[in-house]
>>> print(open('final-v3.tsv').read())   # TSV, C-alpha atoms
chain	number	residue	atom	x	y	z
A	1157	MET	CA	46.83	29.80	-43.65
A	1158	PRO	CA	43.27	29.08	-44.68
A	1159	SER	CA	42.30	25.46	-44.72
A	1160	SER	CA	42.08	23.75	-48.05
A	1161	LYS	CA	38.76	22.48	-49.24
A	1162	LEU	CA	40.42	19.10	-49.61
A	1163	ASP	CA	41.75	19.10	-46.03
A	1164	PRO	CA	40.35	15.94	-44.33
A	1165	LEU	CA	40.30	17.75	-40.97
A	1166	THR	CA	37.91	20.36	-42.24
A	1167	GLU	CA	34.33	19.79	-40.98
A	1168	GLU	CA	31.73	20.16	-43.63
A	1169	PRO	CA	28.41	21.87	-42.68
A	1170	GLY	CA	26.54	18.79	-43.83
A	1171	GLU	CA	28.41	16.60	-41.38
A	1172	GLU	CA	27.39	18.83	-38.46
A	1173	GLN	CA	23.76	18.70	-39.53
A	1174	SER	CA	24.04	14.94	-39.98
A	1175	GLY	CA	25.43	14.57	-36.44
A	1176	ALA	CA	22.56	16.61	-34.97
A	1177	PHE	CA	20.07	14.58	-36.99
A	1178	GLN	CA	21.54	11.33	-35.72
A	1179	ALA	CA	21.44	12.56	-32.11
A	1180	ASN	CA	17.76	13.50	-32.46
A	1181	THR	CA	17.05	10.19	-34.14
A	1182	ARG	CA	18.66	8.29	-31.26
A	1183	VAL	CA	16.47	10.18	-28.78
A	1184	VAL	CA	13.32	9.43	-30.74
A	1185	LEU	CA	14.33	5.79	-31.17
A	1186	ALA	CA	15.06	5.45	-27.46
A	1187	LEU	CA	11.66	6.94	-26.55
A	1188	CYS	CA	9.92	4.62	-29.00
A	1189	LEU	CA	11.72	1.58	-27.60
A	1190	ALA	CA	10.88	2.66	-24.04
A	1191	ALA	CA	7.20	3.07	-24.94
A	1192	LEU	CA	7.21	-0.31	-26.71
A	1193	GLY	CA	8.83	-1.95	-23.70
A	1194	ILE	CA	6.27	-0.45	-21.31
A	1195	TRP	CA	3.42	-1.54	-23.58
A	1196	THR	CA	4.84	-5.06	-23.82
A	1197	THR	CA	5.21	-5.47	-20.05
A	1198	ARG	CA	2.09	-3.49	-19.09
A	1199	GLY	CA	0.46	-6.56	-17.57
A	1200	PHE	CA	3.33	-6.97	-15.13
A	1201	LEU	CA	3.95	-3.33	-14.19
A	1202	VAL	CA	1.96	-3.62	-10.95
A	1203	SER	CA	3.93	-6.68	-9.83
A	1204	MET	CA	7.23	-5.05	-10.78
A	1205	SER	CA	6.28	-1.87	-8.91
A	1206	TRP	CA	5.38	-3.83	-5.77
A	1207	ALA	CA	8.67	-5.72	-5.99
A	1208	LEU	CA	10.60	-2.47	-6.38
A	1209	VAL	CA	8.88	-0.93	-3.34
A	1210	ILE	CA	9.56	-4.01	-1.19
A	1211	ALA	CA	13.18	-4.25	-2.37
A	1212	VAL	CA	13.94	-0.58	-1.72
A	1213	ALA	CA	12.28	-0.66	1.71
A	1214	SER	CA	14.02	-3.86	2.86
A	1215	TRP	CA	17.39	-3.25	1.18
A	1216	PRO	CA	19.20	-1.90	4.30
A	1217	LEU	CA	18.38	-5.10	6.22
A	1218	TYR	CA	19.23	-7.30	3.23
A	1219	ARG	CA	22.54	-5.51	2.70
A	1220	TRP	CA	23.40	-5.83	6.41
A	1221	LEU	CA	22.81	-9.59	6.24
A	1222	ARG	CA	24.63	-9.89	2.92
A	1223	LEU	CA	27.80	-8.29	4.31
A	1224	ARG	CA	27.82	-10.85	7.13
A	1225	ALA	CA	26.87	-13.90	5.07
A	1226	PRO	CA	29.44	-16.34	3.65
A	1227	GLN	CA	30.52	-15.75	0.08
A	1228	TRP	CA	28.77	-18.86	-1.23
A	1229	MET	CA	25.38	-17.57	0.02
A	1230	ARG	CA	25.50	-14.16	-1.62
A	1231	GLY	CA	24.81	-15.21	-5.20
A	1232	ILE	CA	21.54	-17.17	-5.06
A	1233	VAL	CA	20.95	-18.65	-1.60
A	1234	LEU	CA	20.54	-15.42	0.39
A	1235	PRO	CA	18.31	-13.69	-2.20
A	1236	LEU	CA	16.18	-16.84	-2.36
A	1237	ILE	CA	15.86	-17.08	1.43
A	1238	PHE	CA	15.00	-13.40	1.75
A	1239	THR	CA	12.40	-13.69	-1.02
A	1240	LEU	CA	10.81	-16.74	0.63
A	1241	VAL	CA	10.63	-14.92	3.98
A	1242	ILE	CA	8.88	-11.97	2.32
A	1243	GLY	CA	6.56	-14.40	0.54
A	1244	VAL	CA	5.57	-16.13	3.78
A	1245	ALA	CA	5.00	-12.74	5.43
A	1246	LEU	CA	2.62	-11.80	2.60
A	1247	ILE	CA	0.91	-15.13	1.91
A	1248	GLY	CA	0.32	-16.04	5.57
A	1249	PRO	CA	-2.05	-13.15	6.41
A	1250	LEU	CA	-3.83	-13.49	3.05
A	1251	THR	CA	-4.46	-17.19	3.65
A	1252	TYR	CA	-5.71	-16.52	7.16
A	1253	ALA	CA	-8.00	-13.76	5.86
A	1254	ALA	CA	-9.44	-16.06	3.19
A	1255	ILE	CA	-10.18	-18.79	5.75
A	1256	LYS	CA	-11.81	-16.33	8.16
A	1257	LEU	CA	-13.83	-14.81	5.34
A	1258	GLY	CA	-15.28	-18.20	4.48
A	1259	GLU	CA	-16.15	-18.92	8.11
A	1260	GLU	CA	-17.78	-15.52	8.65
A	1261	ALA	CA	-19.77	-15.88	5.42
A	1262	ARG	CA	-21.25	-19.19	6.59
A	1263	ILE	CA	-22.10	-17.69	9.98
A	1264	LEU	CA	-23.72	-14.67	8.31
A	1265	ALA	CA	-25.78	-16.92	6.02
A	1266	ARG	CA	-27.10	-18.96	8.98
A	1267	TRP	CA	-27.82	-15.75	10.91
A	1268	LEU	CA	-29.85	-14.27	8.04
A	1269	THR	CA	-31.82	-17.50	7.72
A	1270	SER	CA	-32.58	-17.44	11.45
A	1271	ILE	CA	-33.71	-13.80	11.34
A	1272	GLN	CA	-36.04	-14.44	8.41
A	1273	LYS	CA	-37.67	-17.31	10.32
A	1274	SER	CA	-38.01	-15.76	13.81
A	1275	GLY	CA	-37.45	-12.02	13.41
A	1276	LEU	CA	-35.06	-9.76	15.31
A	1277	PRO	CA	-36.70	-7.48	17.90
A	1278	ALA	CA	-35.04	-4.14	18.55
A	1279	PRO	CA	-32.78	-4.00	21.65
A	1280	ASP	CA	-34.05	-1.96	24.60
A	1281	TRP	CA	-31.03	0.35	24.67
A	1282	LEU	CA	-32.02	1.70	21.25
A	1283	ASN	CA	-35.12	3.28	22.75
A	1284	ARG	CA	-32.97	5.16	25.29
A	1285	ILE	CA	-30.96	7.11	22.68
A	1286	PRO	CA	-31.86	10.80	23.02
A	1287	ALA	CA	-33.91	12.52	20.31
A	1288	VAL	CA	-33.97	9.69	17.75
A	1289	GLY	CA	-34.24	6.63	20.01
A	1290	THR	CA	-38.00	6.22	19.77
A	1291	TRP	CA	-37.98	6.54	15.98
A	1292	LEU	CA	-35.10	4.06	15.62
A	1293	PHE	CA	-36.83	1.59	17.95
A	1294	SER	CA	-40.13	1.67	16.06
A	1295	THR	CA	-38.46	1.58	12.62
A	1296	TRP	CA	-36.35	-1.43	13.61
A	1297	ASN	CA	-39.36	-3.37	14.91
A	1298	SER	CA	-41.46	-2.55	11.86
A	1299	SER	CA	-38.66	-3.77	9.57
A	1300	LEU	CA	-37.16	-6.72	11.47
A	1301	GLY	CA	-39.17	-7.24	14.66
A	1302	SER	CA	-41.44	-10.02	13.39
A	1303	PRO	CA	-40.84	-12.95	11.03
A	1304	GLY	CA	-43.11	-11.43	8.37
A	1305	ALA	CA	-41.37	-8.04	8.50
A	1306	ALA	CA	-37.93	-9.63	8.46
A	1307	GLU	CA	-38.90	-11.83	5.50
A	1308	MET	CA	-40.09	-8.79	3.58
A	1309	THR	CA	-37.02	-6.67	4.44
A	1310	LEU	CA	-34.37	-9.34	3.97
A	1311	GLY	CA	-36.06	-11.40	1.28
A	1312	HIS	CA	-33.68	-10.12	-1.40
A	1313	LEU	CA	-30.68	-11.19	0.70
A	1314	ASP	CA	-30.49	-14.83	-0.27
A	1315	PRO	CA	-28.01	-16.68	2.02
A	1316	ALA	CA	-26.93	-18.74	-0.99
A	1317	PHE	CA	-26.03	-15.48	-2.75
A	1318	ILE	CA	-23.66	-14.59	0.10
A	1319	LEU	CA	-21.91	-17.94	-0.23
A	1320	ARG	CA	-21.68	-17.54	-4.00
A	1321	TRP	CA	-20.26	-14.05	-3.55
A	1322	THR	CA	-17.69	-15.45	-1.11
A	1323	ARG	CA	-16.63	-18.11	-3.59
A	1324	THR	CA	-16.31	-15.44	-6.31
A	1325	LEU	CA	-14.13	-13.39	-4.01
A	1326	GLY	CA	-12.01	-16.46	-3.32
A	1327	VAL	CA	-11.51	-17.01	-7.04
A	1328	GLN	CA	-10.41	-13.39	-7.41
A	1329	MET	CA	-7.92	-13.87	-4.59
A	1330	LEU	CA	-6.51	-16.91	-6.36
A	1331	ARG	CA	-6.09	-14.86	-9.52
A	1332	ARG	CA	-4.25	-12.22	-7.52
A	1333	ALA	CA	-1.87	-14.99	-6.48
A	1334	GLU	CA	-0.44	-14.74	-9.99
A	1335	VAL	CA	0.47	-11.11	-9.32
A	1336	LEU	CA	2.02	-12.12	-6.00
A	1337	ALA	CA	4.04	-14.91	-7.63
A	1338	PHE	CA	5.50	-12.60	-10.26
A	1339	THR	CA	6.18	-10.00	-7.57
A	1340	LEU	CA	8.26	-12.52	-5.64
A	1341	LEU	CA	10.05	-13.63	-8.82
A	1342	THR	CA	10.96	-10.02	-9.61
A	1343	LEU	CA	11.97	-9.47	-6.01
A	1344	PHE	CA	14.45	-12.34	-6.18
A	1345	PHE	CA	16.25	-10.79	-9.15
A	1346	LEU	CA	16.21	-7.36	-7.50
A	1347	TYR	CA	17.92	-8.81	-4.42
A	1348	ARG	CA	20.41	-10.72	-6.54
A	1349	ASP	CA	21.34	-7.87	-8.88
A	1350	GLY	CA	20.28	-4.90	-6.77
A	1351	GLU	CA	23.69	-3.26	-6.45
A	1352	ALA	CA	24.38	-3.36	-10.19
A	1353	LEU	CA	20.88	-2.11	-11.02
A	1354	GLY	CA	21.22	0.72	-8.49
A	1355	LYS	CA	24.51	1.87	-10.00
A	1356	GLN	CA	23.00	1.76	-13.48
A	1357	ALA	CA	19.98	3.78	-12.35
A	1358	LEU	CA	22.19	6.45	-10.77
A	1359	ARG	CA	24.39	6.55	-13.88
A	1360	PHE	CA	21.31	6.95	-16.08
A	1361	ALA	CA	19.93	9.75	-13.86
A	1362	ARG	CA	23.30	11.54	-13.92
A	1363	ARG	CA	23.58	11.36	-17.70
A	1364	LEU	CA	19.96	12.40	-18.17
A	1365	VAL	CA	19.77	15.51	-15.95
A	1366	GLY	CA	23.18	15.72	-14.31
A	1367	SER	CA	23.99	15.49	-10.61
A	1368	VAL	CA	20.51	16.80	-9.80
A	1369	GLY	CA	19.05	13.52	-11.06
A	1370	VAL	CA	21.06	11.61	-8.48
A	1371	GLU	CA	19.56	13.78	-5.74
A	1372	TYR	CA	16.06	13.17	-7.08
A	1373	ALA	CA	16.68	9.42	-7.08
A	1374	ARG	CA	17.93	9.53	-3.49
A	1375	HIS	CA	14.87	11.53	-2.44
A	1376	CYS	CA	12.62	8.90	-4.01
A	1377	VAL	CA	14.43	6.05	-2.27
A	1378	SER	CA	14.24	7.86	1.08
A	1379	ALA	CA	10.55	8.56	0.55
A	1380	ILE	CA	9.77	4.90	-0.20
A	1381	ARG	CA	11.63	3.63	2.87
A	1382	ALA	CA	10.14	6.29	5.12
A	1383	THR	CA	6.63	5.63	3.81
A	1384	VAL	CA	6.94	1.88	4.38
A	1385	ASN	CA	8.21	2.46	7.90
A	1386	GLY	CA	5.59	5.09	8.63
A	1387	LEU	CA	2.66	3.16	7.19
A	1388	VAL	CA	3.39	-0.52	7.66
A	1389	LEU	CA	5.31	-0.55	10.95
A	1390	VAL	CA	3.13	2.06	12.66
A	1391	SER	CA	-0.04	0.32	11.44
A	1392	ILE	CA	1.21	-3.00	12.79
A	1393	GLY	CA	1.80	-1.30	16.13
A	1394	GLU	CA	-1.72	0.14	16.10
A	1395	GLY	CA	-3.18	-3.26	15.29
A	1396	ILE	CA	-1.26	-4.93	18.13
A	1397	LEU	CA	-2.26	-2.30	20.71
A	1398	LEU	CA	-5.92	-2.37	19.75
A	1399	GLY	CA	-5.87	-6.16	19.45
A	1400	VAL	CA	-4.72	-6.32	23.07
A	1401	ALA	CA	-7.50	-3.89	24.00
A	1402	TYR	CA	-10.06	-6.09	22.23
A	1403	ALA	CA	-8.78	-9.13	24.13
A	1404	VAL	CA	-8.97	-7.31	27.47
A	1405	ALA	CA	-12.52	-6.23	26.65
A	1406	GLY	CA	-13.48	-9.86	25.99
A	1407	ILE	CA	-14.15	-9.46	22.26
A	1408	THR	CA	-14.41	-12.70	20.29
A	1409	ASP	CA	-11.45	-13.26	17.93
A	1410	PRO	CA	-9.37	-10.19	18.87
A	1411	VAL	CA	-6.55	-11.34	16.55
A	1412	THR	CA	-8.68	-10.94	13.43
A	1413	LEU	CA	-10.07	-7.59	14.55
A	1414	GLY	CA	-6.60	-6.38	15.49
A	1415	GLY	CA	-5.24	-7.40	12.10
A	1416	LEU	CA	-8.13	-5.70	10.33
A	1417	THR	CA	-7.51	-2.55	12.37
A	1418	GLY	CA	-3.83	-2.59	11.43
A	1419	ILE	CA	-4.60	-3.02	7.72
A	1420	LEU	CA	-7.17	-0.22	7.64
A	1421	ALA	CA	-4.87	2.01	9.72
A	1422	MET	CA	-2.58	2.29	6.68
A	1423	VAL	CA	-5.28	4.41	5.03
A	1424	PRO	CA	-6.04	7.66	6.88
A	1425	PHE	CA	-9.39	7.81	8.72
A	1426	LEU	CA	-10.35	4.13	8.18
A	1427	ALA	CA	-9.20	2.55	11.46
A	1428	PRO	CA	-12.09	4.17	13.46
A	1429	LEU	CA	-14.50	2.04	11.43
A	1430	VAL	CA	-13.22	-1.04	13.28
A	1431	PHE	CA	-12.82	0.12	16.88
A	1432	GLY	CA	-15.88	2.36	16.48
A	1433	GLY	CA	-17.90	-0.66	15.37
A	1434	VAL	CA	-16.55	-2.69	18.29
A	1435	SER	CA	-17.56	0.12	20.66
A	1436	ILE	CA	-21.10	0.18	19.23
A	1437	MET	CA	-21.35	-3.60	19.61
A	1438	LEU	CA	-20.21	-3.43	23.23
A	1439	TYR	CA	-22.67	-0.62	23.92
A	1440	ALA	CA	-25.46	-2.69	22.38
A	1441	GLN	CA	-24.56	-5.55	24.73
A	1442	GLY	CA	-24.82	-3.23	27.75
A	1443	SER	CA	-21.06	-2.80	28.40
A	1444	VAL	CA	-21.19	1.00	28.35
A	1445	LEU	CA	-17.93	1.70	30.21
A	1446	THR	CA	-16.00	-0.87	28.16
A	1447	ALA	CA	-17.39	0.61	24.94
A	1448	ILE	CA	-16.34	4.11	25.94
A	1449	GLY	CA	-12.92	2.83	27.02
A	1450	ILE	CA	-12.29	1.07	23.68
A	1451	PHE	CA	-13.34	4.13	21.70
A	1452	LEU	CA	-11.21	6.53	23.76
A	1453	PHE	CA	-8.18	4.22	23.70
A	1454	GLY	CA	-8.49	3.70	19.95
A	1455	SER	CA	-8.85	7.43	19.36
A	1456	LEU	CA	-5.77	8.12	21.49
A	1457	VAL	CA	-3.65	5.51	19.68
A	1458	LEU	CA	-4.80	6.83	16.30
A	1459	PHE	CA	-4.17	10.46	17.28
A	1460	VAL	CA	-0.63	9.81	18.49
A	1461	ALA	CA	0.22	7.61	15.49
A	1462	ASP	CA	-1.25	9.89	12.81
A	1463	HIS	CA	-0.12	13.24	14.23
A	1464	PHE	CA	3.27	12.45	15.76
A	1465	ILE	CA	4.83	9.07	14.97
A	1466	ARG	CA	3.86	8.58	11.31
A	1467	PRO	CA	4.53	12.17	10.15
A	1468	GLY	CA	7.82	12.08	12.03
A	1469	LEU	CA	8.95	8.89	10.29
A	1470	ILE	CA	7.75	9.83	6.81
A	1471	GLY	CA	8.27	13.57	6.85
A	1472	GLY	CA	11.55	13.44	8.74
A	1473	ALA	CA	13.30	11.04	6.37
A	1474	ALA	CA	11.69	12.29	3.16
A	1475	HIS	CA	11.64	15.97	4.22
A	1476	LEU	CA	7.89	16.19	3.80
A	1477	PRO	CA	5.59	18.34	5.96
A	1478	PHE	CA	2.53	16.64	7.45
A	1479	PHE	CA	0.16	18.21	4.92
A	1480	TRP	CA	2.16	16.83	1.98
A	1481	VAL	CA	2.39	13.40	3.61
A	1482	LEU	CA	-1.40	13.30	3.93
A	1483	LEU	CA	-1.95	14.70	0.44
A	1484	GLY	CA	0.50	12.25	-1.13
A	1485	THR	CA	-1.07	9.28	0.65
A	1486	LEU	CA	-4.69	10.12	-0.22
A	1487	GLY	CA	-3.84	11.24	-3.75
A	1488	GLY	CA	-1.74	8.13	-4.31
A	1489	ILE	CA	-4.61	5.85	-3.28
A	1490	THR	CA	-6.97	7.70	-5.62
A	1491	SER	CA	-4.55	7.49	-8.56
A	1492	PHE	CA	-2.78	4.14	-8.12
A	1493	GLY	CA	-4.91	2.13	-5.68
A	1494	LEU	CA	-3.22	0.38	-2.77
A	1495	LEU	CA	0.18	0.80	-4.42
A	1496	GLY	CA	-0.38	4.55	-4.22
A	1497	LEU	CA	0.09	4.39	-0.45
A	1498	PHE	CA	3.82	4.23	-1.21
A	1499	LEU	CA	4.03	5.84	-4.65
A	1500	GLY	CA	2.08	8.95	-3.65
A	1501	PRO	CA	4.51	10.29	-1.02
A	1502	THR	CA	7.41	9.27	-3.30
A	1503	VAL	CA	6.06	11.39	-6.16
A	1504	ILE	CA	5.45	14.33	-3.81
A	1505	ALA	CA	8.99	14.02	-2.40
A	1506	ALA	CA	10.48	14.09	-5.91
A	1507	LEU	CA	8.25	17.03	-6.84
A	1508	LEU	CA	9.30	19.05	-3.80
A	1509	ALA	CA	12.96	18.23	-4.46
A	1510	ALA	CA	12.57	19.54	-8.01
A	1511	TRP	CA	10.78	22.63	-6.71
A	1512	TYR	CA	13.47	23.47	-4.16
A	1513	ASP	CA	16.14	22.90	-6.80
A	1514	PHE	CA	14.33	25.19	-9.23
A	1515	ILE	CA	13.77	28.08	-6.82
A	1516	GLY	CA	17.34	27.67	-5.57
A	1517	ARG	CA	18.69	27.97	-9.10
A	1518	ALA	CA	16.34	30.87	-9.83
A	1519	ALA	CA	17.59	32.70	-6.73
A	1520	GLU	CA	21.19	32.15	-7.78
A	1521	GLU	CA	20.47	33.55	-11.25
>>> encode(input="final-v3.tsv", output="structure tokens")
Amino acid sequence: MPSSKLDPLTEEPGEEQSGAFQANTRVVLALCLAALGIWTTRGFLVSMSWALVIAVASWPLYRWLRLRAPQWMRGIVLPLIFTLVIGVALIGPLTYAAIKLGEEARILARWLTSIQKSGLPAPDWLNRIPAVGTWLFSTWNSSLGSPGAAEMTLGHLDPAFILRWTRTLGVQMLRRAEVLAFTLLTLFFLYRDGEALGKQALRFARRLVGSVGVEYARHCVSAIRATVNGLVLVSIGEGILLGVAYAVAGITDPVTLGGLTGILAMVPFLAPLVFGGVSIMLYAQGSVLTAIGIFLFGSLVLFVADHFIRPGLIGGAAHLPFFWVLLGTLGGITSFGLLGLFLGPTVIAALLAAWYDFIGRAAEE
């Protein structure tokens, strides 16, 4: 029998249109609320991103400790302890760097004052460099060899300006402490509520794009952990090895130089600036064999780390070839700054996962 127009079970066309309108309205409202939330918290997005990267990278260790900790520690005590440990690991090197920067700035200011008063004659080894040695030797002496020439060349470099610049840099570092403080605060809540937030994120990804979204999320997590291991741990190893080499070579303050080498080693092609500069300094002092040894050892460590260990850690876990690891790292730095060291490979890993999923589905169709 045909349904009556008065049948309450009969669906009117207007109701169907109204349901579609409400669904579209909910989507638009959700997007507007998301945009408003991002705009409201835009000043803290960098801190939150850093906290997320640190939490994802250290979560396996935190979870291992959490499973073995007493029940009373799991709520607040263990997340607080873990956050404080991460904070000390971050604040300690920054404090040491700030102290050393102040010391080196004072030494540099006194050195510039001394050069302007007495001049700085060119070293004899400069004249022995093939092809350009004679020109370099004469140019150096004409610019810095006598007090008058040094005063004219370095007159615009006021030692007081260097100290003022150092103080300005110190103020900027103190302002960055605010970012670090909020990063640690966010990190505490991520440790405390990480399991619930992870389940919610996977549920959201599944409802948004289906089971494929869960795979994308897992690729991103793997990429972050692999990138942290490949960049941070390998760079620390490079810094330690070259720091030992600096100490053996008799370099003053090998700890600082080793730490600087490890930090710059996170960015491709920057570590040679440190051990190359050390080699030039040793060569200038007449230690030719030591200079060559430092340069060759540094090049060997960098070659093995950049071409075998780091691509194996990052590319193996995140399923990224070496070219995409390098492209993601350099592109991430260009787009996001230092945070891009970790976000770049993560974005590339998610992009490749989407690409493989697309061509797989296209092949099936």
>>> closest_residue(input="final-v3.tsv", among="A:Phe1514, A:Phe1238, A:Phe1177, A:Phe1360", to="Leu1340 in chain A", atoms="only C-alpha atoms")
A:Phe1238
>>> residues_around(input="final-v3.tsv", residues="Trp1291 in chain A", least_positions_apart="6", cutoff="10 Å", atoms="all atoms listed in the file", output="PyMOL selection string")
chain A and resi 1282-1283+1285
>>> closest_residue(input="final-v3.tsv", among="A:Ser1455, A:Gly1418, A:Ser1491, A:Leu1250", to="Arg1332 in chain A", atoms="only C-alpha atoms")
A:Leu1250
>>> atom_distance(input="final-v3.tsv", atom1="CA of Ala1211 in chain A", atom2="CA of Leu1346 in chain A")
6.7 Å
>>> residues_around(input="final-v3.tsv", residues="Trp1480 in chain A", least_positions_apart="4", cutoff="12 Å", atoms="only C-alpha atoms", output="list in words")
Ala1379, Pro1467, Ile1470, Gly1471, Ala1474, His1475, Leu1476, Gly1484, Thr1485, Leu1486, Gly1487, Gly1488, Gly1500, Pro1501, Thr1502, Val1503, Ile1504, Ala1505, Ala1506, Leu1507 and Leu1508 of chain A
>>> residues_around(input="final-v3.tsv", residues="Ile1237 in chain A", least_positions_apart="3", cutoff="12 Å", atoms="all atoms listed in the file", output="PyMOL selection string")
chain A and resi 1218+1221-1222+1229-1234+1240-1244+1340+1343-1344+1347-1348
>>> atom_distance(input="final-v3.tsv", atom1="CA of Leu1495 in chain A", atom2="CA of Leu1236 in chain A")
23.9 Å
>>> atom_distance(input="final-v3.tsv", atom1="CA of Glu1307 in chain A", atom2="CA of Thr1290 in chain A")
23.0 Å
>>> residues_around(input="final-v3.tsv", residues="Val1370 in chain A", least_positions_apart="2", cutoff="9 Å", atoms="only C-alpha atoms", output="ChimeraX atom specification")
/A:1357-1362,1365-1368,1372-1375
>>> write_last_selection(input="final-v3.tsv", atoms="C-alpha atoms", output="mmCIF file, in the coordinates of the input")
data_model
loop_
_atom_site.group_PDB
_atom_site.id
_atom_site.type_symbol
_atom_site.label_atom_id
_atom_site.label_comp_id
_atom_site.auth_asym_id
_atom_site.auth_seq_id
_atom_site.Cartn_x
_atom_site.Cartn_y
_atom_site.Cartn_z
ATOM 1 C CA ALA A 1357 19.980 3.780 -12.350
ATOM 2 C CA LEU A 1358 22.190 6.450 -10.770
ATOM 3 C CA ARG A 1359 24.390 6.550 -13.880
ATOM 4 C CA PHE A 1360 21.310 6.950 -16.080
ATOM 5 C CA ALA A 1361 19.930 9.750 -13.860
ATOM 6 C CA ARG A 1362 23.300 11.540 -13.920
ATOM 7 C CA VAL A 1365 19.770 15.510 -15.950
ATOM 8 C CA GLY A 1366 23.180 15.720 -14.310
ATOM 9 C CA SER A 1367 23.990 15.490 -10.610
ATOM 10 C CA VAL A 1368 20.510 16.800 -9.800
ATOM 11 C CA TYR A 1372 16.060 13.170 -7.080
ATOM 12 C CA ALA A 1373 16.680 9.420 -7.080
ATOM 13 C CA ARG A 1374 17.930 9.530 -3.490
ATOM 14 C CA HIS A 1375 14.870 11.530 -2.440
#
>>> residues_around(input="final-v3.tsv", residues="Gln1441 in chain A", least_positions_apart="5", cutoff="10 Å", atoms="all atoms listed in the file", output="ChimeraX atom specification")
/A:1279,1281,1435-1436,1447
>>> closest_residue(input="final-v3.tsv", among="A:Thr1383, A:Ser1203, A:Thr1309, A:Thr1197", to="Asn1297 in chain A", atoms="all atoms listed in the file")
A:Thr1309
>>> decode(input="final-v3.tsv", residues="range 1268-1280 of chain A", atoms="N, CA, C and O atoms", output="compact mmCIF listing (two decimals), in the first residue's frame")
# COMPACT_ATOMS: atom_id res chain seq x y z
N LEU A 1268 90.69 42.85 20.17
CA LEU A 1268 90.55 43.90 19.18
C LEU A 1268 91.23 45.19 19.65
O LEU A 1268 91.87 45.89 18.85
N THR A 1269 91.11 45.49 20.93
CA THR A 1269 91.78 46.68 21.46
C THR A 1269 93.30 46.57 21.34
O THR A 1269 93.98 47.53 20.96
N SER A 1270 93.81 45.36 21.61
CA SER A 1270 95.25 45.14 21.50
C SER A 1270 95.73 45.26 20.06
O SER A 1270 96.79 45.84 19.79
N ILE A 1271 94.96 44.73 19.11
CA ILE A 1271 95.35 44.80 17.71
C ILE A 1271 95.36 46.25 17.22
O ILE A 1271 96.27 46.67 16.50
N GLN A 1272 94.37 47.03 17.63
CA GLN A 1272 94.32 48.42 17.20
C GLN A 1272 95.48 49.23 17.74
O GLN A 1272 95.91 50.21 17.13
N LYS A 1273 96.02 48.82 18.89
CA LYS A 1273 97.15 49.56 19.48
C LYS A 1273 98.49 49.13 18.92
O LYS A 1273 99.38 49.97 18.73
N SER A 1274 98.68 47.82 18.66
CA SER A 1274 100.01 47.33 18.27
C SER A 1274 100.05 46.68 16.89
O SER A 1274 101.14 46.36 16.40
N GLY A 1275 98.90 46.48 16.25
CA GLY A 1275 98.91 45.84 14.94
C GLY A 1275 99.00 44.33 15.05
O GLY A 1275 99.27 43.76 16.12
N LEU A 1276 98.80 43.66 13.92
CA LEU A 1276 98.87 42.20 13.87
C LEU A 1276 99.57 41.79 12.58
O LEU A 1276 98.94 41.66 11.53
N PRO A 1277 100.90 41.58 12.63
CA PRO A 1277 101.63 41.20 11.42
C PRO A 1277 101.16 39.85 10.89
O PRO A 1277 100.71 38.98 11.64
N ALA A 1278 101.25 39.68 9.59
CA ALA A 1278 100.83 38.43 8.95
C ALA A 1278 101.77 37.29 9.35
O ALA A 1278 102.98 37.48 9.44
N PRO A 1279 101.24 36.09 9.60
CA PRO A 1279 102.11 34.95 9.93
C PRO A 1279 102.92 34.52 8.71
O PRO A 1279 102.49 34.68 7.56
N ASP A 1280 104.09 33.94 8.97
CA ASP A 1280 104.98 33.55 7.88
C ASP A 1280 104.40 32.46 6.99
O ASP A 1280 104.68 32.42 5.79
